Amino acid sequence: MKITTKTIRELKGDRPISAVTAYDFPTTVYADEAGIDLILVGDSVGTTVLGYSTTVPVTLEMMEHHAAAVLRAVPDALVVVDLPFAEASLEREHVLRASRRFLQMGAGAVKLEGGVAQQDLRSYLVDAGIPVLGHIGLLPQRIQVEGAYRKYGRSEAEAEQILADAESVEASGCFACIGEMIDPILSGEIRDRLSIPLIGIGCGPECDGQILVSHDMLGLGTEKVPSFVKVYAELGPQIRRSFEAYREDVLENRFPS
Ligand code: KIV
Ligand code: NA
């Protein structure tokens, strides 16, 4: 059954929402067959697949290229496409055009990083008929300002700010909100305060759902995964072993036989 933004919204309080990132056709097919509710074409494509050290260099063209591959799988899961930093910082008509383009391609929603600071832009998009997934806490697109990956909301002042960000995401009409690296107790408070689902990454269990970067949970990354990630497979080492076995077969004339 096709999952919509309405489905995601209504899952709050019913059962936890499962979400992963995907950037290509086969991963999307497997995630969808597994029954995942929401597939995010994250701008994490920049670091997981394209070899950049942050998501900052990711362009609209890159997102379109990967979103198109994901959408060719026509998953039942809701597909959400990240608005990359390079676009999200341009004038709002430009962001609206980019968002419309993703919806025309078949995406169900776009994701925009930022809390109170992005409220006007989110409201503008929602009023124009674009379903928007919010994103608060750690904002990877601002990593060059913030300087480091860390937990958010430990000080009272920062907790206040993040609560305000969460309320601003709901007020602008988003159907759900991603929380990234927010203190687990504060995450529970945000979940209780919002009427839209809080989908956490590195936020602990007190959320309405969870999202993981697929390369992290599948052991496909080339760097150390964050400590909050549960690693379900070691596909990277399996790929290396397969290439080694193939190479040896070729060198020893065992393949083709
Ligand atoms: O791009 C991404 O993978 C994300 C998730 C961490 C939520 O934004
Ligand atoms: Na992202």
# chains A, B, ... in the order shown; residues from 1 in each chain; ligands from 1
$ residues_around --residues "A:Glu61" --least-positions-apart "3" --cutoff "12 Å" --atoms "only C-alpha atoms" --output "list of chain:residue names"
A:Asp43, A:Pro57, A:Val58, A:Glu64, A:His65, A:His66, A:Ala67, A:Ala68, A:Leu83, A:Pro84, A:Ala86, A:Glu87, A:Ala98, A:Arg101, A:Phe102
$ select_by_dssp --residues "stretch 49-233 of chain A" --states "alpha helix (DSSP H)" --output "ChimeraX atom specification"
/A:60-71,85-88,92-105,119-127,143-146,156-171,184-193,214-217
$ write_last_selection --atoms "C-alpha atoms" --output "PDB file, in the first residue's frame"
ATOM      1  CA  LEU A  60      20.505  20.075  -7.148  1.00  0.00           C
ATOM      2  CA  GLU A  61      21.671  18.166 -10.247  1.00  0.00           C
ATOM      3  CA  MET A  62      23.260  15.452  -8.068  1.00  0.00           C
ATOM      4  CA  MET A  63      20.067  15.159  -6.017  1.00  0.00           C
ATOM      5  CA  GLU A  64      17.962  14.892  -9.182  1.00  0.00           C
ATOM      6  CA  HIS A  65      20.210  12.197 -10.592  1.00  0.00           C
ATOM      7  CA  HIS A  66      19.909  10.039  -7.459  1.00  0.00           C
ATOM      8  CA  ALA A  67      16.242  10.846  -6.771  1.00  0.00           C
ATOM      9  CA  ALA A  68      15.399   9.717 -10.303  1.00  0.00           C
ATOM     10  CA  ALA A  69      17.122   6.357  -9.726  1.00  0.00           C
ATOM     11  CA  VAL A  70      15.273   5.860  -6.425  1.00  0.00           C
ATOM     12  CA  LEU A  71      11.922   6.846  -7.944  1.00  0.00           C
ATOM     13  CA  PHE A  85      22.588  23.409   0.921  1.00  0.00           C
ATOM     14  CA  ALA A  86      23.440  25.024  -2.410  1.00  0.00           C
ATOM     15  CA  GLU A  87      19.708  25.391  -3.167  1.00  0.00           C
ATOM     16  CA  ALA A  88      18.252  25.915   0.297  1.00  0.00           C
ATOM     17  CA  ARG A  92      12.641  31.156  -2.047  1.00  0.00           C
ATOM     18  CA  GLU A  93      11.255  31.054  -5.609  1.00  0.00           C
ATOM     19  CA  HIS A  94      14.289  29.026  -6.567  1.00  0.00           C
ATOM     20  CA  VAL A  95      13.743  26.587  -3.676  1.00  0.00           C
ATOM     21  CA  LEU A  96      10.077  26.266  -4.668  1.00  0.00           C
ATOM     22  CA  ARG A  97      11.040  25.467  -8.269  1.00  0.00           C
ATOM     23  CA  ALA A  98      13.489  22.805  -7.097  1.00  0.00           C
ATOM     24  CA  SER A  99      10.846  21.320  -4.766  1.00  0.00           C
ATOM     25  CA  ARG A 100       8.196  21.263  -7.521  1.00  0.00           C
ATOM     26  CA  ARG A 101      10.661  19.496  -9.764  1.00  0.00           C
ATOM     27  CA  PHE A 102      11.142  16.706  -7.174  1.00  0.00           C
ATOM     28  CA  LEU A 103       7.380  16.290  -6.720  1.00  0.00           C
ATOM     29  CA  GLN A 104       6.875  16.167 -10.501  1.00  0.00           C
ATOM     30  CA  MET A 105       9.468  13.395 -10.613  1.00  0.00           C
ATOM     31  CA  GLN A 119      10.216  28.937   9.310  1.00  0.00           C
ATOM     32  CA  ASP A 120       9.317  31.486   6.589  1.00  0.00           C
ATOM     33  CA  LEU A 121      10.802  29.348   3.824  1.00  0.00           C
ATOM     34  CA  ARG A 122       9.027  26.199   5.078  1.00  0.00           C
ATOM     35  CA  SER A 123       5.680  28.006   5.356  1.00  0.00           C
ATOM     36  CA  TYR A 124       6.151  29.415   1.860  1.00  0.00           C
ATOM     37  CA  LEU A 125       6.746  25.915   0.461  1.00  0.00           C
ATOM     38  CA  VAL A 126       3.862  24.324   2.393  1.00  0.00           C
ATOM     39  CA  ASP A 127       1.489  27.127   1.313  1.00  0.00           C
ATOM     40  CA  ILE A 143      28.828  21.884   9.876  1.00  0.00           C
ATOM     41  CA  GLN A 144      31.291  24.509   8.654  1.00  0.00           C
ATOM     42  CA  VAL A 145      29.711  27.023  11.064  1.00  0.00           C
ATOM     43  CA  GLU A 146      29.195  24.593  13.945  1.00  0.00           C
ATOM     44  CA  GLU A 156      19.338  24.688  29.065  1.00  0.00           C
ATOM     45  CA  ALA A 157      19.687  27.484  26.518  1.00  0.00           C
ATOM     46  CA  GLU A 158      20.245  25.066  23.664  1.00  0.00           C
ATOM     47  CA  ALA A 159      17.358  22.859  24.813  1.00  0.00           C
ATOM     48  CA  GLU A 160      15.061  25.921  24.718  1.00  0.00           C
ATOM     49  CA  GLN A 161      16.258  26.752  21.220  1.00  0.00           C
ATOM     50  CA  ILE A 162      15.675  23.206  19.964  1.00  0.00           C
ATOM     51  CA  LEU A 163      12.182  23.082  21.475  1.00  0.00           C
ATOM     52  CA  ALA A 164      11.449  26.375  19.701  1.00  0.00           C
ATOM     53  CA  ASP A 165      12.840  24.894  16.476  1.00  0.00           C
ATOM     54  CA  ALA A 166      10.586  21.835  16.852  1.00  0.00           C
ATOM     55  CA  GLU A 167       7.497  23.979  17.432  1.00  0.00           C
ATOM     56  CA  SER A 168       8.411  26.144  14.473  1.00  0.00           C
ATOM     57  CA  VAL A 169       8.630  23.052  12.232  1.00  0.00           C
ATOM     58  CA  GLU A 170       5.130  22.013  13.303  1.00  0.00           C
ATOM     59  CA  ALA A 171       3.773  25.573  13.005  1.00  0.00           C
ATOM     60  CA  PRO A 184      17.489  11.632  24.407  1.00  0.00           C
ATOM     61  CA  ILE A 185      15.500  13.173  27.261  1.00  0.00           C
ATOM     62  CA  LEU A 186      14.888  16.354  25.282  1.00  0.00           C
ATOM     63  CA  SER A 187      13.887  14.177  22.304  1.00  0.00           C
ATOM     64  CA  GLY A 188      11.171  12.594  24.458  1.00  0.00           C
ATOM     65  CA  GLU A 189       9.944  16.083  25.410  1.00  0.00           C
ATOM     66  CA  ILE A 190       9.834  17.145  21.776  1.00  0.00           C
ATOM     67  CA  ARG A 191       7.939  13.995  20.804  1.00  0.00           C
ATOM     68  CA  ASP A 192       5.369  14.639  23.556  1.00  0.00           C
ATOM     69  CA  ARG A 193       4.993  18.287  22.655  1.00  0.00           C
ATOM     70  CA  SER A 214      21.846   2.936   4.856  1.00  0.00           C
ATOM     71  CA  HIS A 215      25.611   2.853   4.225  1.00  0.00           C
ATOM     72  CA  ASP A 216      26.217   3.061   7.994  1.00  0.00           C
ATOM     73  CA  MET A 217      23.783   0.308   8.996  1.00  0.00           C
TER      74      MET A 217
END
$ residues_near_ligand --ligand "ligand 1" --cutoff "6 Å" --atoms "only C-alpha atoms and all ligand atoms" --output "ChimeraX atom specification"
/A:21,42-44,213
$ write_last_selection --atoms "C-alpha atoms" --output "short mmCIF file (atom, residue, chain, number, x, y, z; two decimals), in the first residue's frame"
data_model
loop_
_atom_site.label_atom_id
_atom_site.label_comp_id
_atom_site.auth_asym_id
_atom_site.auth_seq_id
_atom_site.Cartn_x
_atom_site.Cartn_y
_atom_site.Cartn_z
CA THR A 21 18.33 6.65 3.22
CA GLY A 42 19.56 12.33 1.62
CA ASP A 43 22.22 14.79 0.66
CA SER A 44 24.36 12.35 2.65
CA VAL A 213 21.93 6.20 6.80
#
$ residues_near_ligand --ligand "ligand 2" --cutoff "12 Å" --atoms "only C-alpha atoms and all ligand atoms" --output "count of residues only"
47
$ closest_atom_pairs --of "stretch 113-185 of chain A" --to "stretch 3-19 of chain A" --cutoff "12 Å" --atoms "only C-alpha atoms" --output "JSON lines"
{"residue": "A:Ile130", "atom": "CA", "partner": "A:Thr5", "partner_atom": "CA", "distance": 10.9}
{"residue": "A:Pro131", "atom": "CA", "partner": "A:Thr5", "partner_atom": "CA", "distance": 7.4}
{"residue": "A:Val132", "atom": "CA", "partner": "A:Thr5", "partner_atom": "CA", "distance": 9.0}
{"residue": "A:Leu133", "atom": "CA", "partner": "A:Thr5", "partner_atom": "CA", "distance": 9.1}
{"residue": "A:Glu170", "atom": "CA", "partner": "A:Arg9", "partner_atom": "CA", "distance": 11.4}
{"residue": "A:Gly173", "atom": "CA", "partner": "A:Arg9", "partner_atom": "CA", "distance": 11.4}
{"residue": "A:Cys174", "atom": "CA", "partner": "A:Thr5", "partner_atom": "CA", "distance": 9.4}
{"residue": "A:Phe175", "atom": "CA", "partner": "A:Arg9", "partner_atom": "CA", "distance": 5.8}
{"residue": "A:Ala176", "atom": "CA", "partner": "A:Arg9", "partner_atom": "CA", "distance": 6.5}
{"residue": "A:Cys177", "atom": "CA", "partner": "A:Arg9", "partner_atom": "CA", "distance": 10.0}
{"residue": "A:Ile178", "atom": "CA", "partner": "A:Ala19", "partner_atom": "CA", "distance": 10.4}
$ select_by_dssp --residues "stretch 104-196 of chain A" --states "strand (DSSP E or B)" --output "list in words"
Ala109, Val110, Lys111, Leu112, Glu113, Gly114, Val132, Leu133, Gly134, His135, Ile136, Gly137, Tyr152, Ala176, Cys177, Ile178, Gly179, Glu180 and Ile182 of chain A
$ atom_distance --atom1 "atom CA of A:Glu33" --atom2 "atom CA of A:Ile239"
22.1 Å
$ closest_residue --among "A:Gly202, A:Gly129, A:Pro226, A:Pro197" --to "A:Lys151" --atoms "only C-alpha atoms"
A:Gly202
$ atom_distance --atom1 "atom CA of A:Asp183" --atom2 "atom CA of A:Gly204"
7.7 Å
$ residues_around --residues "A:Ala73" --least-positions-apart "3" --cutoff "7 Å" --atoms "only C-alpha atoms" --output "PyMOL selection string"
chain A and resi 25+28-29+70
$ atom_distance --atom1 "atom CA of A:Met1" --atom2 "atom CA of A:Arg72"
17.0 Å
$ closest_residue --among "A:Pro256, A:Gln118, A:Glu248, A:Val74" --to "A:Gly106" --atoms "only C-alpha atoms"
A:Val74
$ decode --residues "stretch 47-91 of chain A" --atoms "N, CA and C atoms" --output "mmCIF file, in the first residue's frame"
data_model
loop_
_atom_site.group_PDB
_atom_site.id
_atom_site.type_symbol
_atom_site.label_atom_id
_atom_site.label_comp_id
_atom_site.auth_asym_id
_atom_site.auth_seq_id
_atom_site.Cartn_x
_atom_site.Cartn_y
_atom_site.Cartn_z
ATOM 1 N N THR A 47 28.572 12.308 0.993
ATOM 2 C CA THR A 47 29.629 11.657 1.780
ATOM 3 C C THR A 47 29.620 10.136 1.610
ATOM 4 N N THR A 48 28.435 9.531 1.482
ATOM 5 C CA THR A 48 28.380 8.064 1.438
ATOM 6 C C THR A 48 28.785 7.512 0.073
ATOM 7 N N VAL A 49 28.408 8.216 -0.987
ATOM 8 C CA VAL A 49 28.551 7.666 -2.335
ATOM 9 C C VAL A 49 29.526 8.472 -3.199
ATOM 10 N N LEU A 50 29.535 9.790 -3.030
ATOM 11 C CA LEU A 50 30.263 10.638 -3.981
ATOM 12 C C LEU A 50 31.662 11.038 -3.508
ATOM 13 N N GLY A 51 32.016 10.655 -2.267
ATOM 14 C CA GLY A 51 33.398 10.858 -1.823
ATOM 15 C C GLY A 51 33.735 12.236 -1.278
ATOM 16 N N TYR A 52 32.721 13.079 -1.033
ATOM 17 C CA TYR A 52 32.996 14.375 -0.409
ATOM 18 C C TYR A 52 33.137 14.191 1.100
ATOM 19 N N SER A 53 33.776 15.161 1.772
ATOM 20 C CA SER A 53 33.933 15.028 3.221
ATOM 21 C C SER A 53 32.769 15.658 3.984
ATOM 22 N N THR A 54 31.957 16.501 3.322
ATOM 23 C CA THR A 54 30.714 17.007 3.927
ATOM 24 C C THR A 54 29.622 16.987 2.850
ATOM 25 N N THR A 55 28.394 17.368 3.266
ATOM 26 C CA THR A 55 27.285 17.389 2.303
ATOM 27 C C THR A 55 27.209 18.737 1.577
ATOM 28 N N VAL A 56 28.045 19.668 1.974
ATOM 29 C CA VAL A 56 27.972 21.037 1.439
ATOM 30 C C VAL A 56 28.120 21.126 -0.091
ATOM 31 N N PRO A 57 29.021 20.346 -0.720
ATOM 32 C CA PRO A 57 29.175 20.470 -2.183
ATOM 33 C C PRO A 57 28.042 19.855 -3.016
ATOM 34 N N VAL A 58 27.075 19.205 -2.370
ATOM 35 C CA VAL A 58 26.030 18.507 -3.128
ATOM 36 C C VAL A 58 25.124 19.513 -3.845
ATOM 37 N N THR A 59 24.897 19.286 -5.124
ATOM 38 C CA THR A 59 24.091 20.216 -5.936
ATOM 39 C C THR A 59 22.702 19.637 -6.214
ATOM 40 N N LEU A 60 21.842 20.494 -6.743
ATOM 41 C CA LEU A 60 20.505 20.075 -7.148
ATOM 42 C C LEU A 60 20.588 18.985 -8.232
ATOM 43 N N GLU A 61 21.516 19.148 -9.160
ATOM 44 C CA GLU A 61 21.671 18.166 -10.247
ATOM 45 C C GLU A 61 22.016 16.789 -9.684
ATOM 46 N N MET A 62 22.901 16.742 -8.691
ATOM 47 C CA MET A 62 23.260 15.452 -8.068
ATOM 48 C C MET A 62 22.027 14.843 -7.410
ATOM 49 N N MET A 63 21.262 15.669 -6.696
ATOM 50 C CA MET A 63 20.067 15.159 -6.017
ATOM 51 C C MET A 63 19.054 14.637 -7.037
ATOM 52 N N GLU A 64 18.908 15.331 -8.156
ATOM 53 C CA GLU A 64 17.962 14.892 -9.182
ATOM 54 C C GLU A 64 18.373 13.556 -9.772
ATOM 55 N N HIS A 65 19.659 13.424 -10.013
ATOM 56 C CA HIS A 65 20.210 12.197 -10.592
ATOM 57 C C HIS A 65 19.896 10.988 -9.693
ATOM 58 N N HIS A 66 20.134 11.151 -8.391
ATOM 59 C CA HIS A 66 19.909 10.039 -7.459
ATOM 60 C C HIS A 66 18.420 9.856 -7.152
ATOM 61 N N ALA A 67 17.685 10.955 -7.030
ATOM 62 C CA ALA A 67 16.242 10.846 -6.771
ATOM 63 C C ALA A 67 15.569 10.097 -7.925
ATOM 64 N N ALA A 68 15.999 10.382 -9.144
ATOM 65 C CA ALA A 68 15.399 9.717 -10.303
ATOM 66 C C ALA A 68 15.623 8.209 -10.228
ATOM 67 N N ALA A 69 16.822 7.793 -9.835
ATOM 68 C CA ALA A 69 17.122 6.357 -9.726
ATOM 69 C C ALA A 69 16.239 5.706 -8.658
ATOM 70 N N VAL A 70 16.112 6.376 -7.515
ATOM 71 C CA VAL A 70 15.273 5.860 -6.425
ATOM 72 C C VAL A 70 13.817 5.769 -6.881
ATOM 73 N N LEU A 71 13.338 6.796 -7.567
ATOM 74 C CA LEU A 71 11.922 6.846 -7.944
ATOM 75 C C LEU A 71 11.587 5.856 -9.062
ATOM 76 N N ARG A 72 12.592 5.445 -9.839
ATOM 77 C CA ARG A 72 12.342 4.418 -10.860
ATOM 78 C C ARG A 72 11.935 3.084 -10.224
ATOM 79 N N ALA A 73 12.232 2.898 -8.963
ATOM 80 C CA ALA A 73 11.828 1.673 -8.260
ATOM 81 C C ALA A 73 10.352 1.749 -7.846
ATOM 82 N N VAL A 74 9.737 2.906 -7.987
ATOM 83 C CA VAL A 74 8.336 3.136 -7.617
ATOM 84 C C VAL A 74 7.984 2.437 -6.286
ATOM 85 N N PRO A 75 8.684 2.809 -5.224
ATOM 86 C CA PRO A 75 8.427 2.128 -3.945
ATOM 87 C C PRO A 75 7.082 2.522 -3.334
ATOM 88 N N ASP A 76 6.538 1.611 -2.523
ATOM 89 C CA ASP A 76 5.370 1.950 -1.698
ATOM 90 C C ASP A 76 5.770 2.957 -0.623
ATOM 91 N N ALA A 77 7.012 2.879 -0.195
ATOM 92 C CA ALA A 77 7.503 3.795 0.835
ATOM 93 C C ALA A 77 7.378 5.234 0.352
ATOM 94 N N LEU A 78 7.188 6.136 1.287
ATOM 95 C CA LEU A 78 7.198 7.565 0.954
ATOM 96 C C LEU A 78 8.632 7.966 0.611
ATOM 97 N N VAL A 79 8.822 8.580 -0.552
ATOM 98 C CA VAL A 79 10.160 9.065 -0.933
ATOM 99 C C VAL A 79 10.258 10.566 -0.637
ATOM 100 N N VAL A 80 11.253 10.911 0.174
ATOM 101 C CA VAL A 80 11.507 12.310 0.514
ATOM 102 C C VAL A 80 12.884 12.685 -0.041
ATOM 103 N N VAL A 81 12.962 13.836 -0.698
ATOM 104 C CA VAL A 81 14.243 14.269 -1.277
ATOM 105 C C VAL A 81 14.769 15.474 -0.502
ATOM 106 N N ASP A 82 16.036 15.397 -0.132
ATOM 107 C CA ASP A 82 16.690 16.489 0.590
ATOM 108 C C ASP A 82 16.919 17.683 -0.331
ATOM 109 N N LEU A 83 16.617 18.886 0.165
ATOM 110 C CA LEU A 83 17.021 20.097 -0.553
ATOM 111 C C LEU A 83 18.466 20.378 -0.170
ATOM 112 N N PRO A 84 19.386 20.349 -1.132
ATOM 113 C CA PRO A 84 20.795 20.521 -0.758
ATOM 114 C C PRO A 84 21.101 21.969 -0.376
ATOM 115 N N PHE A 85 22.140 22.110 0.398
ATOM 116 C CA PHE A 85 22.588 23.409 0.921
ATOM 117 C C PHE A 85 22.668 24.464 -0.177
ATOM 118 N N ALA A 86 23.232 24.075 -1.316
ATOM 119 C CA ALA A 86 23.440 25.024 -2.410
ATOM 120 C C ALA A 86 22.114 25.629 -2.885
ATOM 121 N N GLU A 87 21.017 24.879 -2.741
ATOM 122 C CA GLU A 87 19.708 25.391 -3.167
ATOM 123 C C GLU A 87 18.985 26.070 -2.029
ATOM 124 N N ALA A 88 19.054 25.448 -0.839
ATOM 125 C CA ALA A 88 18.252 25.915 0.297
ATOM 126 C C ALA A 88 18.660 27.315 0.725
ATOM 127 N N SER A 89 19.842 27.750 0.316
ATOM 128 C CA SER A 89 20.290 29.086 0.709
ATOM 129 C C SER A 89 20.001 30.133 -0.374
ATOM 130 N N LEU A 90 19.372 29.708 -1.460
ATOM 131 C CA LEU A 90 19.026 30.671 -2.519
ATOM 132 C C LEU A 90 17.654 31.304 -2.242
ATOM 133 N N GLU A 91 17.207 32.189 -3.113
ATOM 134 C CA GLU A 91 15.919 32.851 -2.884
ATOM 135 C C GLU A 91 14.781 31.823 -2.966
#
